[in-house]
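Take a look at the structure below.
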Amino acid sequence: GCNKDDLKILNPNDPGLGSLNSEDGIKAFAAGLLEKPFGWHNNFEFGTAPFMIAVGHHSVMGDDMYVPWGNWGWRWSAIYKKIRINATSTEYEHTLYPGISQQEFMQANNSRAAGEVNSFKYEWVAAYWTIQQANQLLEALDADVPFAGNAENRKNFLRAWAYWWKGYMYSRVGSIYLAGLIVDQLGSTNPNYVTRQEIIDEATRNFDLADAILQTLPDDDDYLNVWNAIIPDFNNKAARVTPAMWRRAINTYKARNVLVNKKITEMTDAEWNQIITLATNGVQAGDNIFTLGMTPDGNNDLVGAFFHPYWLNNFGYGWWFVSERLIQEYKSGDDRFNRAFFVLPAPEVNKRNRGWNFGTRYGYVDIEDGGMFSTINGVGQWPISPSYEENQLMLAEAKLRKAAPDIDGGLAHVDQVRVFQNANLTAVSGTGLTLPEAIEEFRRERRVALALRGLSFYDARRWGITAPESAGGGRSDAMVVIPFSVYDPEGDGLPGVYPCYIEYNYMDYWDLPADELDFNIPASGSPPVIN
């Protein structure tokens, strides 16, 4: 007389998702794609938003900000080889950890036992969590679930959403790791690692699938219905990304993938022309893009009043600090500098004895007070997808670096970015700059206009700055706050800011995390997965 249903054993690792049997449930699941990379996961490494941790690593290695804390491995990825004060002998040369490189530090922490300090894991986790949820969304959309309105258009919007995120995350994997996995089956994996270029090709394939769908979607009530269901209010829902805007964002991301994964010395005219073609059809000045916002109290959003760049930048919180190497890129009279930064009562110098690069004279002005990069009340939208400024600066660089450079054409894009960001700087196009002068103008603008967007390491890598000194790498005339106990030519007993040479000597592409490799040994024929 017993009920046999009581005897059924459920697999807690595969509980099923009954909510995917309804339109509202599928929409809610699609909205959850944002939660995977950007959400605060209390069950993963002390509550971590893995993509924001990865953005921090990119920004410290690109040296537009610094983090003196070892949490989530942030400071370990910024272990430079040496800093040498320019006008002196090597007597005034600081080697942070003699004989040990960034690569050796990070590889030493590439184990499951290292826990949260394993820098390699975060971007990988963010990417493959998202890819798997996108796979599950696509599978649910192929089931016979009734949708209201124009059912096929609503489902196709959600398919484009899934393909966009797969393209986005494969792009991230291919742009930072030595190799990756192509995983298109829900709940499965494989040991067939492929090269980073094959991962970028997979990103392109998914972007193209999204683009093909978006060409067919009208910006109508059904589109708005799905948009309102999957974009939260705190992510600027009112700024709807139309199908045409979305397609242009895809073109800009595809241009980024061409640009950031080769050294400039390896680029061909065909690739510069490819970038020009894509970016010419990329994000426009009036386009809306996907962004990450927050709520004033940090409740009911994804970031929990912490895992958002503008929270982390707040000087009172003391997590992310502006680098002096970013400060020096601003031209005199740039209104963005006046809006964005304030002078500290006393400079931060060699903070926590972490190294000379861990110091600054400036803090971020809060957005509430007219600033750009910081908040104390949960205000501001951080760009998730490529922006108009990035698109224009790719056009600028391509035109300047082609075999037959278009100097004024490239500089015109620099001017447009400065106008867009209200820099109030005099135009540089048509002023007779030489090619080296134009490239320097562009370089500084790219550093300033795209600061703290997780792009600066890509640039430092492809420009050769993160290479060893023996290979022509490093940065000269880099401004560094030097402790007065080390160098005090003024004799005033105060720290000073002096031009220095910095040798970073960073890895170009990262090892795959042990969290993957321990359980998924590469099959025969796989490319290298460890430097």
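The way I read the labels, and the way they are meant: chains A, B, ... in the order of the structure tokens, residue 1 as the first residue of every chain, and ligand 1 as the first ligand shown, with later ones counted on from there.
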
Within 12 Å of range 99-109 of chain A, which residues of range 372-470 of chain A show up? Give each one with its shortest atom-to-atom distance in Å (one decimal) and the two atoms involved, counting only C-alpha atoms, rows by chain then rising residue number, as a tab-separated table.
residue	atom	partner	partner_atom	distance
A:Thr466	CA	A:Gln102	CA	10.9
A:Ala467	CA	A:Gln102	CA	11.8
A:Pro468	CA	A:Ser101	CA	10.5

Item checked: Polymer residues at most 6 Å from Val283 in chain A, only C-alpha atoms, same-chain spacing of 5 or more positions, as JSON, numbers by chain -> {"A": [248, 249, 388]}

Check: Can you list every residue in range 71-194 of chain A that DSSP puts in strand (DSSP E or B), as a list of chain:residue names?
Finding: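 Strand (DSSP E or B) assignments inside range 71-194 of chain A correspond to A:Lys82, A:Ile83, A:Arg84, A:Ile85, A:Glu93, A:His94, A:Thr95, A:Tyr177, A:Ala179, A:Gly180, A:Val194.
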
Note to self: Using only C-alpha atoms, which protein or nucleic acid residues come within 9 Å of Phe342 in chain A? Drop anything in the same chain fewer than 2 positions from it, and give the result as a PyMOL selection string.
What the structure shows: chain A and resi 337-340+344+361-365

Filtering to all heavy atoms, could you give me those residues as a compact mmCIF listing (two decimals), in the first residue's frame?
# COMPACT_ATOMS: atom_id res chain seq x y z
N PHE A 337 39.79 64.83 -17.03
CA PHE A 337 40.67 64.70 -15.86
C PHE A 337 40.11 65.50 -14.69
O PHE A 337 40.07 65.01 -13.55
CB PHE A 337 42.07 65.19 -16.21
CG PHE A 337 43.03 65.14 -15.06
CD1 PHE A 337 43.64 63.95 -14.71
CD2 PHE A 337 43.28 66.27 -14.29
CE1 PHE A 337 44.51 63.88 -13.62
CE2 PHE A 337 44.15 66.21 -13.22
CZ PHE A 337 44.76 65.01 -12.88
N ASN A 338 39.67 66.73 -14.97
CA ASN A 338 39.15 67.57 -13.90
C ASN A 338 37.88 66.98 -13.28
O ASN A 338 37.64 67.14 -12.07
CB ASN A 338 38.85 68.98 -14.45
CG ASN A 338 40.10 69.66 -14.97
OD1 ASN A 338 41.19 69.46 -14.45
ND2 ASN A 338 39.95 70.46 -16.02
N ARG A 339 37.09 66.31 -14.09
CA ARG A 339 35.87 65.69 -13.58
C ARG A 339 36.15 64.42 -12.81
O ARG A 339 35.46 64.11 -11.84
CB ARG A 339 34.91 65.35 -14.73
CG ARG A 339 34.32 66.54 -15.46
CD ARG A 339 33.11 66.13 -16.31
NE ARG A 339 33.42 65.10 -17.29
CZ ARG A 339 33.83 65.34 -18.52
NH1 ARG A 339 34.03 66.59 -18.92
NH2 ARG A 339 34.06 64.34 -19.36
N ALA A 340 37.15 63.65 -13.25
CA ALA A 340 37.30 62.28 -12.78
C ALA A 340 38.13 62.11 -11.51
O ALA A 340 37.93 61.14 -10.78
CB ALA A 340 37.91 61.42 -13.89
N LEU A 344 44.74 63.58 -3.50
CA LEU A 344 44.67 63.04 -2.15
C LEU A 344 45.37 63.98 -1.15
O LEU A 344 46.33 64.68 -1.52
CB LEU A 344 45.34 61.67 -2.09
CG LEU A 344 44.75 60.58 -2.98
CD1 LEU A 344 45.59 59.31 -2.86
CD2 LEU A 344 43.30 60.29 -2.60
N ARG A 361 48.82 59.68 -6.39
CA ARG A 361 48.49 60.97 -5.74
C ARG A 361 47.00 61.29 -5.85
O ARG A 361 46.56 62.31 -5.31
CB ARG A 361 49.28 62.11 -6.41
CG ARG A 361 50.78 62.05 -6.24
CD ARG A 361 51.45 63.01 -7.20
NE ARG A 361 51.29 62.59 -8.59
CZ ARG A 361 51.61 63.34 -9.65
NH1 ARG A 361 52.11 64.55 -9.46
NH2 ARG A 361 51.43 62.88 -10.88
N TYR A 362 46.23 60.44 -6.52
CA TYR A 362 44.87 60.81 -6.89
C TYR A 362 43.85 59.77 -6.45
O TYR A 362 44.14 58.59 -6.32
CB TYR A 362 44.77 60.99 -8.41
CG TYR A 362 45.59 62.13 -8.93
CD1 TYR A 362 46.91 61.92 -9.36
CD2 TYR A 362 45.09 63.42 -8.97
CE1 TYR A 362 47.69 62.97 -9.83
CE2 TYR A 362 45.86 64.48 -9.44
CZ TYR A 362 47.16 64.25 -9.86
OH TYR A 362 47.93 65.29 -10.32
N GLY A 363 42.62 60.26 -6.24
CA GLY A 363 41.47 59.40 -6.02
C GLY A 363 40.42 59.70 -7.08
O GLY A 363 40.48 60.71 -7.78
N TYR A 364 39.42 58.83 -7.18
CA TYR A 364 38.34 59.01 -8.14
C TYR A 364 37.24 59.88 -7.54
O TYR A 364 36.78 59.63 -6.42
CB TYR A 364 37.72 57.67 -8.53
CG TYR A 364 38.65 56.67 -9.15
CD1 TYR A 364 39.15 55.60 -8.40
CD2 TYR A 364 39.02 56.76 -10.49
CE1 TYR A 364 39.98 54.65 -8.98
CE2 TYR A 364 39.85 55.82 -11.07
CZ TYR A 364 40.34 54.77 -10.31
OH TYR A 364 41.16 53.84 -10.88
N VAL A 365 36.79 60.87 -8.28
CA VAL A 365 35.61 61.66 -7.89
C VAL A 365 34.37 60.81 -8.13
O VAL A 365 34.24 60.16 -9.17
CB VAL A 365 35.53 62.96 -8.71
CG1 VAL A 365 34.23 63.71 -8.39
CG2 VAL A 365 36.74 63.85 -8.44

Notebook entry, point to check: When distances are computed from only C-alpha atoms, which of A:Pro68, A:Pro50, A:Gly18, A:Gly473 shows the smallest separation from Phe358 in chain A?
Noted result: A:Pro68

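Considering the residues A:Asp406, A:Gln416, A:Asn314, A:Tyr458 and counting only C-alpha atoms, Ile367 in chain A has its shortest atom-to-atom contact with A:Asn314.
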
Near-range 255-260 of chain A list (7 Å; only C-alpha atoms; drop same-chain fewer than 5 positions) as a PDB file with all heavy atoms, in the first residue's frame:
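Now in out_35.pdb:
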ATOM      1  N   SER A 171      34.971  34.816 -27.157  1.00  0.00           N
ATOM      2  CA  SER A 171      35.929  35.893 -27.437  1.00  0.00           C
ATOM      3  C   SER A 171      36.841  36.128 -26.250  1.00  0.00           C
ATOM      4  O   SER A 171      38.059  36.318 -26.407  1.00  0.00           O
ATOM      5  CB  SER A 171      35.180  37.189 -27.774  1.00  0.00           C
ATOM      6  OG  SER A 171      34.402  37.064 -28.938  1.00  0.00           O
ATOM      7  N   ILE A 275      39.352  45.416 -40.106  1.00  0.00           N
ATOM      8  CA  ILE A 275      38.902  46.206 -38.960  1.00  0.00           C
ATOM      9  C   ILE A 275      38.134  47.435 -39.432  1.00  0.00           C
ATOM     10  O   ILE A 275      37.074  47.783 -38.881  1.00  0.00           O
ATOM     11  CB  ILE A 275      40.108  46.606 -38.080  1.00  0.00           C
ATOM     12  CG1 ILE A 275      40.662  45.380 -37.354  1.00  0.00           C
ATOM     13  CG2 ILE A 275      39.727  47.700 -37.079  1.00  0.00           C
ATOM     14  CD1 ILE A 275      42.011  45.600 -36.706  1.00  0.00           C
ATOM     15  N   LEU A 278      34.622  46.363 -40.603  1.00  0.00           N
ATOM     16  CA  LEU A 278      33.734  46.016 -39.485  1.00  0.00           C
ATOM     17  C   LEU A 278      33.359  47.252 -38.664  1.00  0.00           C
ATOM     18  O   LEU A 278      32.186  47.460 -38.339  1.00  0.00           O
ATOM     19  CB  LEU A 278      34.416  44.972 -38.593  1.00  0.00           C
ATOM     20  CG  LEU A 278      34.526  43.559 -39.164  1.00  0.00           C
ATOM     21  CD1 LEU A 278      35.524  42.732 -38.369  1.00  0.00           C
ATOM     22  CD2 LEU A 278      33.151  42.873 -39.183  1.00  0.00           C
ATOM     23  N   ALA A 279      34.347  48.069 -38.332  1.00  0.00           N
ATOM     24  CA  ALA A 279      34.085  49.224 -37.470  1.00  0.00           C
ATOM     25  C   ALA A 279      33.291  50.312 -38.186  1.00  0.00           C
ATOM     26  O   ALA A 279      32.539  51.055 -37.553  1.00  0.00           O
ATOM     27  CB  ALA A 279      35.398  49.789 -36.934  1.00  0.00           C
ATOM     28  N   TYR A 458      45.030  44.041 -23.129  1.00  0.00           N
ATOM     29  CA  TYR A 458      45.109  43.686 -24.547  1.00  0.00           C
ATOM     30  C   TYR A 458      46.047  44.643 -25.286  1.00  0.00           C
ATOM     31  O   TYR A 458      46.866  44.236 -26.110  1.00  0.00           O
ATOM     32  CB  TYR A 458      43.733  43.777 -25.204  1.00  0.00           C
ATOM     33  CG  TYR A 458      42.684  42.795 -24.746  1.00  0.00           C
ATOM     34  CD1 TYR A 458      41.337  43.136 -24.827  1.00  0.00           C
ATOM     35  CD2 TYR A 458      42.999  41.525 -24.267  1.00  0.00           C
ATOM     36  CE1 TYR A 458      40.335  42.260 -24.444  1.00  0.00           C
ATOM     37  CE2 TYR A 458      42.009  40.640 -23.875  1.00  0.00           C
ATOM     38  CZ  TYR A 458      40.674  41.015 -23.960  1.00  0.00           C
ATOM     39  OH  TYR A 458      39.679  40.141 -23.583  1.00  0.00           O
ATOM     40  N   ASP A 459      45.899  45.940 -25.000  1.00  0.00           N
ATOM     41  CA  ASP A 459      46.712  46.946 -25.692  1.00  0.00           C
ATOM     42  C   ASP A 459      48.174  46.849 -25.295  1.00  0.00           C
ATOM     43  O   ASP A 459      49.072  46.898 -26.146  1.00  0.00           O
ATOM     44  CB  ASP A 459      46.181  48.345 -25.395  1.00  0.00           C
ATOM     45  CG  ASP A 459      44.823  48.596 -26.031  1.00  0.00           C
ATOM     46  OD1 ASP A 459      44.489  47.914 -27.009  1.00  0.00           O
ATOM     47  OD2 ASP A 459      44.096  49.487 -25.546  1.00  0.00           O
ATOM     48  N   ARG A 462      49.689  43.805 -27.111  1.00  0.00           N
ATOM     49  CA  ARG A 462      49.896  43.887 -28.559  1.00  0.00           C
ATOM     50  C   ARG A 462      50.851  45.007 -28.937  1.00  0.00           C
ATOM     51  O   ARG A 462      51.499  44.948 -29.987  1.00  0.00           O
ATOM     52  CB  ARG A 462      48.559  44.027 -29.293  1.00  0.00           C
ATOM     53  CG  ARG A 462      47.805  45.307 -29.014  1.00  0.00           C
ATOM     54  CD  ARG A 462      46.386  45.228 -29.572  1.00  0.00           C
ATOM     55  NE  ARG A 462      45.674  46.467 -29.352  1.00  0.00           N
ATOM     56  CZ  ARG A 462      45.700  47.505 -30.179  1.00  0.00           C
ATOM     57  NH1 ARG A 462      46.410  47.449 -31.295  1.00  0.00           N
ATOM     58  NH2 ARG A 462      45.023  48.596 -29.903  1.00  0.00           N
TER      59      ARG A 462
END

Notebook entry, point to check: Which residues come within 10 Å of range 189-203 of chain A, counting only C-alpha atoms, excluding same-chain residues fewer than 6 positions away, as JSON, numbers by chain?
Noted result: {"A": [132, 163, 164, 165, 166, 167, 168, 169, 170, 171, 172, 173, 174, 175, 176, 177, 178, 179, 180, 181, 182, 183, 209, 253, 254, 257, 258, 261, 509, 517, 519, 520, 521, 522, 523, 524, 525, 526, 527, 528, 529]}

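Proximity of A:Glu445, A:Glu503, A:Asp415, A:Glu123 to Ala478 in chain A, computed with only C-alpha atoms, is greatest for A:Glu503.
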
Notebook entry, point to check: So, counting only C-alpha atoms, which residue among A:Ile439, A:Ala471, A:Ala151, A:Val55 is closest to Pro37 in chain A?
Noted result: A:Val55

Checklist line | Residue among A:Ala148, A:Ala514, A:Ala134, A:Leu33 lying closest to Ile230 in chain A, counting only C-alpha atoms | finding: A:Leu33

Margin query: Using only C-alpha atoms, which protein or nucleic acid residues come within 12 Å of Tyr504 in chain A? Drop anything in the same chain fewer than 3 positions from it, and give the result as an MDAnalysis selection string.
Written below: chainID A and resid 60:63 77:84 95:96 101:103 357 457 460:461 464:476 478 501 507:508

Store the residues of this selection in a file with N, CA, C and O atoms, as a short mmCIF file (atom, residue, chain, number, x, y, z; two decimals), in the first residue's frame.
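Here's the written file again.cif:
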data_model
loop_
_atom_site.label_atom_id
_atom_site.label_comp_id
_atom_site.auth_asym_id
_atom_site.auth_seq_id
_atom_site.Cartn_x
_atom_site.Cartn_y
_atom_site.Cartn_z
N VAL A 60 44.80 45.78 -13.93
CA VAL A 60 46.08 45.93 -13.22
C VAL A 60 47.25 45.58 -14.14
O VAL A 60 48.31 46.22 -14.08
N MET A 61 47.06 44.60 -15.03
CA MET A 61 48.13 44.27 -15.96
C MET A 61 48.29 45.34 -17.04
O MET A 61 49.38 45.58 -17.53
N GLY A 62 47.18 45.98 -17.40
CA GLY A 62 47.25 47.09 -18.34
C GLY A 62 47.67 48.39 -17.69
O GLY A 62 47.89 49.39 -18.39
N ASP A 63 47.80 48.39 -16.37
CA ASP A 63 48.34 49.51 -15.59
C ASP A 63 47.52 50.78 -15.74
O ASP A 63 48.08 51.87 -15.77
N SER A 77 48.89 39.23 -10.29
CA SER A 77 48.98 39.40 -11.74
C SER A 77 49.71 40.68 -12.11
O SER A 77 50.07 40.87 -13.27
N ALA A 78 49.96 41.56 -11.14
CA ALA A 78 50.66 42.83 -11.40
C ALA A 78 52.08 42.82 -10.86
O ALA A 78 52.64 43.87 -10.54
N ILE A 79 52.69 41.64 -10.76
CA ILE A 79 54.07 41.54 -10.29
C ILE A 79 55.02 41.91 -11.42
O ILE A 79 55.28 41.12 -12.33
N TYR A 80 55.50 43.14 -11.40
CA TYR A 80 56.44 43.59 -12.43
C TYR A 80 57.84 43.05 -12.14
O TYR A 80 58.14 42.63 -11.01
N LYS A 81 58.71 43.13 -13.15
CA LYS A 81 60.08 42.65 -12.94
C LYS A 81 60.94 43.72 -12.27
O LYS A 81 61.63 43.44 -11.29
N LYS A 82 60.89 44.96 -12.80
CA LYS A 82 61.72 46.00 -12.17
C LYS A 82 61.22 47.38 -12.57
O LYS A 82 60.56 47.57 -13.59
N ILE A 83 61.56 48.35 -11.71
CA ILE A 83 61.35 49.77 -11.99
C ILE A 83 62.68 50.48 -11.76
O ILE A 83 63.32 50.30 -10.72
N ARG A 84 63.07 51.28 -12.74
CA ARG A 84 64.35 51.99 -12.67
C ARG A 84 64.11 53.48 -12.87
O ARG A 84 63.51 53.89 -13.87
N THR A 95 63.73 45.80 -7.96
CA THR A 95 63.23 44.51 -8.43
C THR A 95 62.33 43.96 -7.34
O THR A 95 62.76 43.77 -6.20
N LEU A 96 61.06 43.72 -7.69
CA LEU A 96 60.08 43.39 -6.66
C LEU A 96 60.38 42.05 -6.00
O LEU A 96 60.51 41.96 -4.78
N SER A 101 59.24 35.64 -11.62
CA SER A 101 58.44 36.41 -12.56
C SER A 101 56.95 36.32 -12.23
O SER A 101 56.51 35.48 -11.42
N GLN A 102 56.17 37.17 -12.87
CA GLN A 102 54.72 37.09 -12.76
C GLN A 102 54.24 35.69 -13.10
O GLN A 102 53.39 35.12 -12.40
N GLN A 103 54.78 35.13 -14.17
CA GLN A 103 54.36 33.79 -14.60
C GLN A 103 54.59 32.77 -13.49
O GLN A 103 53.72 31.94 -13.20
N ASN A 357 54.94 50.37 -7.94
CA ASN A 357 53.79 50.69 -8.80
C ASN A 357 52.50 50.83 -8.02
O ASN A 357 51.50 51.32 -8.54
N PHE A 457 45.01 45.67 -20.86
CA PHE A 457 46.04 44.65 -21.00
C PHE A 457 46.16 44.19 -22.44
O PHE A 457 47.27 43.96 -22.93
N ALA A 460 48.43 46.73 -24.00
CA ALA A 460 49.83 46.63 -23.54
C ALA A 460 50.52 45.42 -24.15
O ALA A 460 51.70 45.48 -24.52
N ARG A 461 49.78 44.34 -24.29
CA ARG A 461 50.33 43.10 -24.88
C ARG A 461 50.64 43.29 -26.35
O ARG A 461 51.74 42.99 -26.81
N GLY A 464 53.52 45.58 -27.25
CA GLY A 464 54.84 45.12 -26.84
C GLY A 464 55.30 45.62 -25.49
O GLY A 464 56.44 45.35 -25.08
N ILE A 465 54.44 46.31 -24.77
CA ILE A 465 54.84 46.91 -23.49
C ILE A 465 55.07 45.85 -22.42
O ILE A 465 55.96 46.00 -21.56
N THR A 466 54.31 44.78 -22.44
CA THR A 466 54.45 43.76 -21.39
C THR A 466 55.55 42.75 -21.70
O THR A 466 55.79 41.84 -20.91
N ALA A 467 56.24 42.90 -22.83
CA ALA A 467 57.34 41.99 -23.18
C ALA A 467 58.56 42.29 -22.31
O ALA A 467 58.68 43.37 -21.73
N PRO A 468 59.50 41.35 -22.22
CA PRO A 468 60.72 41.60 -21.46
C PRO A 468 61.54 42.74 -22.06
O PRO A 468 61.42 43.05 -23.26
N GLU A 469 62.39 43.34 -21.25
CA GLU A 469 63.27 44.41 -21.73
C GLU A 469 64.16 43.88 -22.85
O GLU A 469 64.42 44.59 -23.84
N SER A 470 64.61 42.66 -22.74
CA SER A 470 65.50 42.08 -23.75
C SER A 470 64.83 41.97 -25.11
O SER A 470 65.51 41.86 -26.15
N ALA A 471 63.48 41.97 -25.13
CA ALA A 471 62.73 41.89 -26.38
C ALA A 471 62.19 43.26 -26.79
O ALA A 471 61.32 43.34 -27.66
N GLY A 472 62.70 44.30 -26.17
CA GLY A 472 62.25 45.64 -26.51
C GLY A 472 61.02 46.09 -25.77
O GLY A 472 60.42 47.12 -26.12
N GLY A 473 60.60 45.36 -24.76
CA GLY A 473 59.40 45.69 -24.02
C GLY A 473 59.63 46.67 -22.90
O GLY A 473 60.73 47.21 -22.72
N GLY A 474 58.59 46.88 -22.12
CA GLY A 474 58.65 47.82 -21.01
C GLY A 474 58.16 49.19 -21.41
O GLY A 474 57.83 49.46 -22.57
N ARG A 475 58.12 50.09 -20.43
CA ARG A 475 57.66 51.46 -20.67
C ARG A 475 58.65 52.44 -20.08
O ARG A 475 58.98 52.36 -18.89
N SER A 476 59.10 53.39 -20.90
CA SER A 476 59.98 54.45 -20.43
C SER A 476 59.16 55.68 -20.07
O SER A 476 58.02 55.85 -20.52
N ALA A 478 57.65 56.42 -17.47
CA ALA A 478 56.44 56.09 -16.73
C ALA A 478 56.52 56.74 -15.36
O ALA A 478 57.49 56.53 -14.62
N TYR A 501 61.66 53.78 -15.92
CA TYR A 501 61.46 52.68 -16.85
C TYR A 501 60.87 51.52 -16.06
O TYR A 501 61.36 51.16 -14.98
N MET A 507 53.05 37.42 -18.96
CA MET A 507 52.62 36.43 -19.93
C MET A 507 51.70 37.07 -20.96
O MET A 507 50.85 37.90 -20.60
N ASP A 508 51.82 36.66 -22.20
CA ASP A 508 50.88 37.11 -23.23
C ASP A 508 49.52 36.45 -23.05
O ASP A 508 48.48 37.11 -23.09
#

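Here CA of Arg325 in chain A is placed at a distance of 15.4 Å from CA of Glu441 in chain A.
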
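CA of Asp477 in chain A is positioned 21.5 Å from CA of Leu452 in chain A.
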